[in-house]
Amino acid sequence: MWTDLGLNHDNHNALLDNLGQAYQSIFMSQENRPEGMSYFDFVMSEAHGLRIQELREEQEAGRKIIGSFCVFVPEEIILAAGCTAVGLCAGADFAQEEVEKVLPRNTCSLIKSFFGFKLGKVCPYMEVSDMIVGENTCDGKKKSFEVFKEMVPNFYQMDLPQTKTPMARHMLKQEFKSFVEKLEEMTGKSISVEDLKQGIATVNAKRKALRRLSMLRAADPAPISGLDALLINQIAFLDNPIRFTEKVNAICDELELLIKETKGAKKAKAPRVLISGCPMAIPNWKLPSIIESTGAVIVGEESCIGERGQRNLTDDSADNLDGLMNAIVDRYLKIDCAVFTPNQERVNHIKEMSQQYNADGVIHYGLQFCQPYIMESFSVEKELEKQNISVLRLETDYSQEDMGQLSTRVEAFVEIIK
Ligand code: BJ8
């Protein structure tokens, strides 16, 4: 299968070895994990195995696989077109020397990562995709896609607004309509009202389940570690959405029982941290593992791999395509990514989340060279401090070199918020 997909065996094996070791030491060493995590451990163990086989079987049956890098690419529309959506994770350094031949050194790790996966030929999700969608969000992504599309013949670029004015809304609707046309052209099939309603229902069910999981983390003791909750949010981008939703609801049932029995994954009264900032794609577990190794518990992620990406359902009440498309546009325009200006909603959401999950402090996570999030972190800090919410602003990348320094800063912060 790997040869068919054009993967480089040596590089791929090296990646899997590293991943396997990291997973064992970070996830499997945790105590008091809910039983329902065994499904998500299984998915991870088969992320480069059975899941790829499944996607290839779907392809053989005529479905197209659509890879994407951003929560702005609407999964409802992909499903309505009879296609499958996969997130292209970009959470680890790979083939960095090769990457720095085509991108400036001072590019954020997330962008360098997907270039590394492509140049090192190690990502089966990228290779299995019939189309890869890149969205014009930050300057780094937008300009790097000019280079990336030379490497990926099946690349589709989606333009996105950077404000939320009526004109921006109009532009987003046009972009989503062009995306519909592109998918219809690929599949040779028109999207009907029923298809779109079904796509919306599947994605709404997934988001509701993830919301349920988030709310349960408000309990003290927290019934699930932040690492495990992050892992579930990461897997949301890879797994079959219907099966994934069932499994998230099943673990939520278990967590509700644990809460009733006041059983926690972490100790009661453990310092509670909210993470806010750049997305943490698989296998980016560095900062969460440092935070939880101090005895603190992460109670929420204000991130696209977390609540920012999953909050807000799509209204499915319209009975025509235009009405449903309007509802999709309205739902996506609520995403408060830092590429938007102004972006007051994001600060409001951080405040709201820290209250809702009883956080003792917020750690703002910025990837080095990510201008939108790092610039915004100053105003986030100022506004939260006005409300007496303690904030630690961190900048890091995917390397392990700053582990010591990060641990020292996180430990000191956790001492303060205890
Ligand atoms: S909606 S957060 S998934 S763009 S870290 S590449 S911003 S320089 S990832 Fe994102 Fe969509 Fe926004 Fe969400 Fe650029 Fe920053 Fe790198 Fe980033």
# chains A, B, ... in the order shown; residues from 1 in each chain; ligands from 1
>>> residues_around(residues="segment 115-121 of chain A", least_positions_apart="4", cutoff="9 Å", atoms="only C-alpha atoms", output="list in words")
Gly6, Leu7, Asn8, His9, Asn11, His12, Ala90, Ala92, Asp93, Phe94, Ala95, Gln96, Glu97, Glu98, Val99, Val102, Leu103, Leu110, Ile111, Met126, Glu127, Ser144, Phe148, Met151 and Val152 of chain A
>>> residues_around(residues="segment 175-178 of chain A", least_positions_apart="2", cutoff="9 Å", atoms="only C-alpha atoms", output="list in words")
Val73, Pro74, Ile77, Met158, Asp159, Leu160, His170, Met171, Leu172, Lys173, Val180, Glu181, Lys182, Leu183, Met325, Ile328 and Val329 of chain A
>>> residues_near_ligand(ligand="ligand 1", cutoff="10 Å", atoms="only C-alpha atoms and all ligand atoms", output="PyMOL selection string")
chain A and resi 68-73+87+90+107-113+134-142+144+160+277-281+303-306+308-309+332+335-340+365-374+397
>>> atom_distance(atom1="atom CA of Lys263 of chain A", atom2="atom CA of Lys286 of chain A")
26.4 Å
>>> select_by_dssp(residues="segment 204-399 of chain A", states="strand (DSSP E or B)", output="list in words")
Arg272, Val273, Leu274, Ile275, Ser276, Gly277, Val297, Ile298, Val299, Gly300, Glu301, Glu302, Gly361, Val362, Ile363, His364, Tyr365, Gly366, Leu367, Ser390, Val391, Leu392, Arg393, Leu394, Glu395 and Thr396 of chain A
>>> atom_distance(atom1="atom CA of Glu376 of chain A", atom2="atom CA of Lys334 of chain A")
17.5 Å
>>> closest_residue(among="A:Ile65, A:Glu256, A:Arg33, A:Asn388", to="Gly226 of chain A", atoms="only C-alpha atoms")
A:Arg33
>>> closest_residue(among="A:Glu31, A:Asp130, A:Glu76, A:Asp220", to="Arg56 of chain A", atoms="only C-alpha atoms")
A:Asp130
>>> closest_residue(among="A:Ser129, A:Glu302, A:Gly295, A:Gln174", to="Phe155 of chain A", atoms="only C-alpha atoms")
A:Ser129
>>> closest_residue(among="A:Phe27, A:Asn358, A:Lys247, A:Gly323", to="Leu230 of chain A", atoms="only C-alpha atoms")
A:Phe27
>>> residues_around(residues="Tyr125 of chain A", least_positions_apart="2", cutoff="9 Å", atoms="only C-alpha atoms", output="ChimeraX atom specification")
/A:48,52,55,65,67,86-89,123,127-129,238
>>> residues_around(residues="segment 198-206 of chain A", least_positions_apart="3", cutoff="12 Å", atoms="only C-alpha atoms", output="ChimeraX atom specification")
/A:74-85,191-195,209-213,232-233,235-237,239-249,309-318,324-325,327-328,331
>>> residues_around(residues="Val297 of chain A", least_positions_apart="5", cutoff="8 Å", atoms="only C-alpha atoms", output="list in words")
Ala222, Ser225, Gly226, Lys266, Ala270, Pro271, Arg272, Val273, Ile291 and Glu292 of chain A
>>> write_last_selection(atoms="N, CA and C atoms", output="tab-separated table (two decimals), in the first residue's frame")
chain	number	residue	atom	x	y	z
A	222	ALA	N	-11.20	16.86	37.20
A	222	ALA	CA	-11.48	16.72	35.77
A	222	ALA	C	-11.52	15.23	35.42
A	225	SER	N	-7.95	13.78	31.16
A	225	SER	CA	-6.80	14.68	31.10
A	225	SER	C	-6.93	15.59	29.89
A	226	GLY	N	-6.22	16.71	29.92
A	226	GLY	CA	-6.20	17.60	28.76
A	226	GLY	C	-5.56	16.92	27.57
A	266	LYS	N	-7.30	13.43	37.05
A	266	LYS	CA	-6.30	14.19	37.81
A	266	LYS	C	-6.88	14.42	39.21
A	270	ALA	N	-6.58	20.23	41.44
A	270	ALA	CA	-5.35	20.43	40.64
A	270	ALA	C	-5.47	21.78	39.95
A	271	PRO	N	-4.35	22.51	39.80
A	271	PRO	CA	-4.43	23.80	39.09
A	271	PRO	C	-4.98	23.59	37.68
A	272	ARG	N	-5.90	24.49	37.28
A	272	ARG	CA	-6.63	24.29	36.01
A	272	ARG	C	-6.18	25.33	34.98
A	273	VAL	N	-5.76	24.83	33.83
A	273	VAL	CA	-5.19	25.70	32.80
A	273	VAL	C	-6.03	25.64	31.53
A	291	ILE	N	2.73	20.82	30.54
A	291	ILE	CA	1.78	21.41	31.51
A	291	ILE	C	1.26	20.34	32.47
A	292	GLU	N	0.84	19.21	31.90
A	292	GLU	CA	0.22	18.20	32.79
A	292	GLU	C	1.26	17.46	33.61
>>> select_by_dssp(residues="segment 73-154 of chain A", states="helix (DSSP H, G or I)", output="PyMOL selection string")
chain A and resi 75-80+96-102+109-119+124-128+139-151
>>> closest_residue(among="A:Lys164, A:His364, A:Lys208, A:Arg409", to="Thr294 of chain A", atoms="only C-alpha atoms")
A:Arg409
>>> residues_around(residues="Ser354 of chain A", least_positions_apart="3", cutoff="9 Å", atoms="only C-alpha atoms", output="JSON list (two decimals) with N, CA, C and O atoms, in the first residue's frame")
[["chain", "number", "residue", "atom", "x", "y", "z"],
["A", 273, "VAL", "N", -5.76, 24.83, 33.83],
["A", 273, "VAL", "CA", -5.19, 25.70, 32.80],
["A", 273, "VAL", "C", -6.03, 25.64, 31.53],
["A", 273, "VAL", "O", -6.46, 24.56, 31.11],
["A", 274, "LEU", "N", -6.25, 26.80, 30.95],
["A", 274, "LEU", "CA", -6.88, 26.87, 29.62],
["A", 274, "LEU", "C", -5.78, 27.20, 28.62],
["A", 274, "LEU", "O", -4.99, 28.11, 28.88],
["A", 299, "VAL", "N", -8.02, 22.25, 30.99],
["A", 299, "VAL", "CA", -9.48, 22.07, 31.01],
["A", 299, "VAL", "C", -10.16, 22.55, 29.72],
["A", 299, "VAL", "O", -11.37, 22.42, 29.57],
["A", 300, "GLY", "N", -9.39, 23.08, 28.77],
["A", 300, "GLY", "CA", -10.00, 23.48, 27.50],
["A", 300, "GLY", "C", -8.94, 23.98, 26.54],
["A", 300, "GLY", "O", -7.84, 24.36, 26.95],
["A", 349, "HIS", "N", -14.40, 35.04, 23.83],
["A", 349, "HIS", "CA", -14.52, 33.59, 24.00],
["A", 349, "HIS", "C", -13.50, 33.05, 25.01],
["A", 349, "HIS", "O", -13.81, 32.13, 25.76],
["A", 350, "ILE", "N", -12.31, 33.63, 25.01],
["A", 350, "ILE", "CA", -11.30, 33.13, 25.98],
["A", 350, "ILE", "C", -11.80, 33.40, 27.41],
["A", 350, "ILE", "O", -11.74, 32.53, 28.28],
["A", 351, "LYS", "N", -12.36, 34.61, 27.60],
["A", 351, "LYS", "CA", -12.88, 34.94, 28.95],
["A", 351, "LYS", "C", -14.00, 33.98, 29.33],
["A", 351, "LYS", "O", -14.05, 33.44, 30.43],
["A", 357, "TYR", "N", -15.02, 26.79, 32.40],
["A", 357, "TYR", "CA", -14.26, 25.60, 32.82],
["A", 357, "TYR", "C", -13.49, 25.83, 34.11],
["A", 357, "TYR", "O", -12.61, 25.04, 34.45],
["A", 358, "ASN", "N", -13.81, 26.93, 34.78],
["A", 358, "ASN", "CA", -13.16, 27.25, 36.06],
["A", 358, "ASN", "C", -11.64, 27.21, 35.98],
["A", 358, "ASN", "O", -10.97, 26.58, 36.80],
["A", 359, "ALA", "N", -11.11, 27.86, 34.94],
["A", 359, "ALA", "CA", -9.65, 27.85, 34.77],
["A", 359, "ALA", "C", -9.01, 28.80, 35.78],
["A", 359, "ALA", "O", -9.56, 29.86, 36.10],
["A", 360, "ASP", "N", -7.84, 28.41, 36.28],
["A", 360, "ASP", "CA", -7.10, 29.29, 37.20],
["A", 360, "ASP", "C", -6.16, 30.21, 36.42],
["A", 360, "ASP", "O", -5.66, 31.19, 36.96],
["A", 361, "GLY", "N", -5.88, 29.86, 35.17],
["A", 361, "GLY", "CA", -4.99, 30.69, 34.36],
["A", 361, "GLY", "C", -5.02, 30.26, 32.90],
["A", 361, "GLY", "O", -5.52, 29.17, 32.59],
["A", 362, "VAL", "N", -4.53, 31.15, 32.04],
["A", 362, "VAL", "CA", -4.54, 30.86, 30.60],
["A", 362, "VAL", "C", -3.10, 30.83, 30.09],
["A", 362, "VAL", "O", -2.32, 31.73, 30.39],
["A", 389, "ILE", "N", -7.38, 37.54, 35.34],
["A", 389, "ILE", "CA", -7.06, 36.16, 34.89],
["A", 389, "ILE", "C", -5.57, 36.14, 34.57],
["A", 389, "ILE", "O", -5.07, 36.95, 33.78]]
>>> closest_residue(among="A:Pro223, A:Ile132, A:Gln387, A:Gln405", to="Ile66 of chain A", atoms="only C-alpha atoms")
A:Ile132
>>> decode(residues="segment 331-342 of chain A", atoms="all heavy atoms", output="PDB file, in the first residue's frame")
ATOM      1  N   ARG A 331     -22.312  30.273   9.739  1.00  0.00           N
ATOM      2  CA  ARG A 331     -21.635  29.474  10.770  1.00  0.00           C
ATOM      3  C   ARG A 331     -20.110  29.633  10.671  1.00  0.00           C
ATOM      4  O   ARG A 331     -19.408  29.829  11.670  1.00  0.00           O
ATOM      5  CB  ARG A 331     -22.039  27.998  10.622  1.00  0.00           C
ATOM      6  CG  ARG A 331     -21.517  27.096  11.740  1.00  0.00           C
ATOM      7  CD  ARG A 331     -20.232  26.394  11.368  1.00  0.00           C
ATOM      8  NE  ARG A 331     -19.524  25.945  12.553  1.00  0.00           N
ATOM      9  CZ  ARG A 331     -18.229  25.686  12.558  1.00  0.00           C
ATOM     10  NH1 ARG A 331     -17.497  25.835  11.490  1.00  0.00           N
ATOM     11  NH2 ARG A 331     -17.645  25.284  13.673  1.00  0.00           N
ATOM     12  N   TYR A 332     -19.580  29.588   9.464  1.00  0.00           N
ATOM     13  CA  TYR A 332     -18.117  29.653   9.318  1.00  0.00           C
ATOM     14  C   TYR A 332     -17.585  31.053   9.607  1.00  0.00           C
ATOM     15  O   TYR A 332     -16.465  31.193  10.099  1.00  0.00           O
ATOM     16  CB  TYR A 332     -17.681  29.125   7.939  1.00  0.00           C
ATOM     17  CG  TYR A 332     -17.642  27.606   7.960  1.00  0.00           C
ATOM     18  CD1 TYR A 332     -18.805  26.863   7.809  1.00  0.00           C
ATOM     19  CD2 TYR A 332     -16.467  26.918   8.229  1.00  0.00           C
ATOM     20  CE1 TYR A 332     -18.800  25.478   7.898  1.00  0.00           C
ATOM     21  CE2 TYR A 332     -16.443  25.527   8.319  1.00  0.00           C
ATOM     22  CZ  TYR A 332     -17.616  24.821   8.157  1.00  0.00           C
ATOM     23  OH  TYR A 332     -17.589  23.447   8.271  1.00  0.00           O
ATOM     24  N   LEU A 333     -18.416  32.055   9.319  1.00  0.00           N
ATOM     25  CA  LEU A 333     -17.952  33.421   9.565  1.00  0.00           C
ATOM     26  C   LEU A 333     -17.858  33.723  11.069  1.00  0.00           C
ATOM     27  O   LEU A 333     -17.305  34.737  11.469  1.00  0.00           O
ATOM     28  CB  LEU A 333     -18.871  34.418   8.851  1.00  0.00           C
ATOM     29  CG  LEU A 333     -18.184  35.667   8.301  1.00  0.00           C
ATOM     30  CD1 LEU A 333     -16.938  35.356   7.489  1.00  0.00           C
ATOM     31  CD2 LEU A 333     -19.147  36.479   7.483  1.00  0.00           C
ATOM     32  N   LYS A 334     -18.363  32.812  11.889  1.00  0.00           N
ATOM     33  CA  LYS A 334     -18.231  33.030  13.342  1.00  0.00           C
ATOM     34  C   LYS A 334     -16.870  32.544  13.862  1.00  0.00           C
ATOM     35  O   LYS A 334     -16.539  32.766  15.029  1.00  0.00           O
ATOM     36  CB  LYS A 334     -19.345  32.284  14.087  1.00  0.00           C
ATOM     37  CG  LYS A 334     -20.697  32.948  13.938  1.00  0.00           C
ATOM     38  CD  LYS A 334     -21.723  32.275  14.825  1.00  0.00           C
ATOM     39  CE  LYS A 334     -23.121  32.718  14.464  1.00  0.00           C
ATOM     40  NZ  LYS A 334     -24.091  31.631  14.533  1.00  0.00           N
ATOM     41  N   ILE A 335     -16.085  31.871  13.028  1.00  0.00           N
ATOM     42  CA  ILE A 335     -14.781  31.375  13.505  1.00  0.00           C
ATOM     43  C   ILE A 335     -13.885  32.587  13.769  1.00  0.00           C
ATOM     44  O   ILE A 335     -13.703  33.429  12.887  1.00  0.00           O
ATOM     45  CB  ILE A 335     -14.119  30.441  12.460  1.00  0.00           C
ATOM     46  CG1 ILE A 335     -15.006  29.216  12.217  1.00  0.00           C
ATOM     47  CG2 ILE A 335     -12.717  30.031  12.917  1.00  0.00           C
ATOM     48  CD1 ILE A 335     -14.519  28.320  11.085  1.00  0.00           C
ATOM     49  N   ASP A 336     -13.358  32.660  14.995  1.00  0.00           N
ATOM     50  CA  ASP A 336     -12.575  33.854  15.341  1.00  0.00           C
ATOM     51  C   ASP A 336     -11.074  33.579  15.284  1.00  0.00           C
ATOM     52  O   ASP A 336     -10.360  33.712  16.269  1.00  0.00           O
ATOM     53  CB  ASP A 336     -13.018  34.434  16.700  1.00  0.00           C
ATOM     54  CG  ASP A 336     -13.214  33.359  17.742  1.00  0.00           C
ATOM     55  OD1 ASP A 336     -12.814  32.217  17.490  1.00  0.00           O
ATOM     56  OD2 ASP A 336     -13.753  33.665  18.821  1.00  0.00           O
ATOM     57  N   CYS A 337     -10.625  33.235  14.098  1.00  0.00           N
ATOM     58  CA  CYS A 337      -9.192  33.035  13.849  1.00  0.00           C
ATOM     59  C   CYS A 337      -8.498  34.401  13.913  1.00  0.00           C
ATOM     60  O   CYS A 337      -9.083  35.421  13.532  1.00  0.00           O
ATOM     61  CB  CYS A 337      -9.035  32.420  12.460  1.00  0.00           C
ATOM     62  SG  CYS A 337      -7.340  32.384  11.856  1.00  0.00           S
ATOM     63  N   ALA A 338      -7.235  34.391  14.337  1.00  0.00           N
ATOM     64  CA  ALA A 338      -6.503  35.662  14.487  1.00  0.00           C
ATOM     65  C   ALA A 338      -6.187  36.324  13.146  1.00  0.00           C
ATOM     66  O   ALA A 338      -5.698  37.452  13.133  1.00  0.00           O
ATOM     67  CB  ALA A 338      -5.222  35.428  15.277  1.00  0.00           C
ATOM     68  N   VAL A 339      -6.469  35.678  12.036  1.00  0.00           N
ATOM     69  CA  VAL A 339      -6.238  36.364  10.758  1.00  0.00           C
ATOM     70  C   VAL A 339      -7.309  37.439  10.510  1.00  0.00           C
ATOM     71  O   VAL A 339      -7.145  38.265   9.628  1.00  0.00           O
ATOM     72  CB  VAL A 339      -6.187  35.404   9.532  1.00  0.00           C
ATOM     73  CG1 VAL A 339      -5.054  34.404   9.673  1.00  0.00           C
ATOM     74  CG2 VAL A 339      -7.503  34.720   9.288  1.00  0.00           C
ATOM     75  N   PHE A 340      -8.391  37.433  11.297  1.00  0.00           N
ATOM     76  CA  PHE A 340      -9.444  38.445  11.124  1.00  0.00           C
ATOM     77  C   PHE A 340      -9.116  39.718  11.892  1.00  0.00           C
ATOM     78  O   PHE A 340      -8.492  39.678  12.955  1.00  0.00           O
ATOM     79  CB  PHE A 340     -10.797  37.910  11.617  1.00  0.00           C
ATOM     80  CG  PHE A 340     -11.408  36.945  10.656  1.00  0.00           C
ATOM     81  CD1 PHE A 340     -11.158  35.599  10.762  1.00  0.00           C
ATOM     82  CD2 PHE A 340     -12.195  37.405   9.617  1.00  0.00           C
ATOM     83  CE1 PHE A 340     -11.696  34.707   9.849  1.00  0.00           C
ATOM     84  CE2 PHE A 340     -12.736  36.527   8.705  1.00  0.00           C
ATOM     85  CZ  PHE A 340     -12.484  35.169   8.816  1.00  0.00           C
ATOM     86  N   THR A 341      -9.562  40.820  11.338  1.00  0.00           N
ATOM     87  CA  THR A 341      -9.436  42.086  12.048  1.00  0.00           C
ATOM     88  C   THR A 341     -10.712  42.900  11.880  1.00  0.00           C
ATOM     89  O   THR A 341     -11.239  42.940  10.767  1.00  0.00           O
ATOM     90  CB  THR A 341      -8.206  42.871  11.571  1.00  0.00           C
ATOM     91  OG1 THR A 341      -8.083  44.049  12.370  1.00  0.00           O
ATOM     92  CG2 THR A 341      -8.279  43.261  10.113  1.00  0.00           C
ATOM     93  N   PRO A 342     -11.284  43.500  12.938  1.00  0.00           N
ATOM     94  CA  PRO A 342     -10.894  43.270  14.327  1.00  0.00           C
ATOM     95  C   PRO A 342     -11.326  41.864  14.762  1.00  0.00           C
ATOM     96  O   PRO A 342     -12.076  41.210  14.044  1.00  0.00           O
ATOM     97  CB  PRO A 342     -11.679  44.345  15.072  1.00  0.00           C
ATOM     98  CG  PRO A 342     -12.886  44.602  14.213  1.00  0.00           C
ATOM     99  CD  PRO A 342     -12.471  44.350  12.797  1.00  0.00           C
TER     100      PRO A 342
END
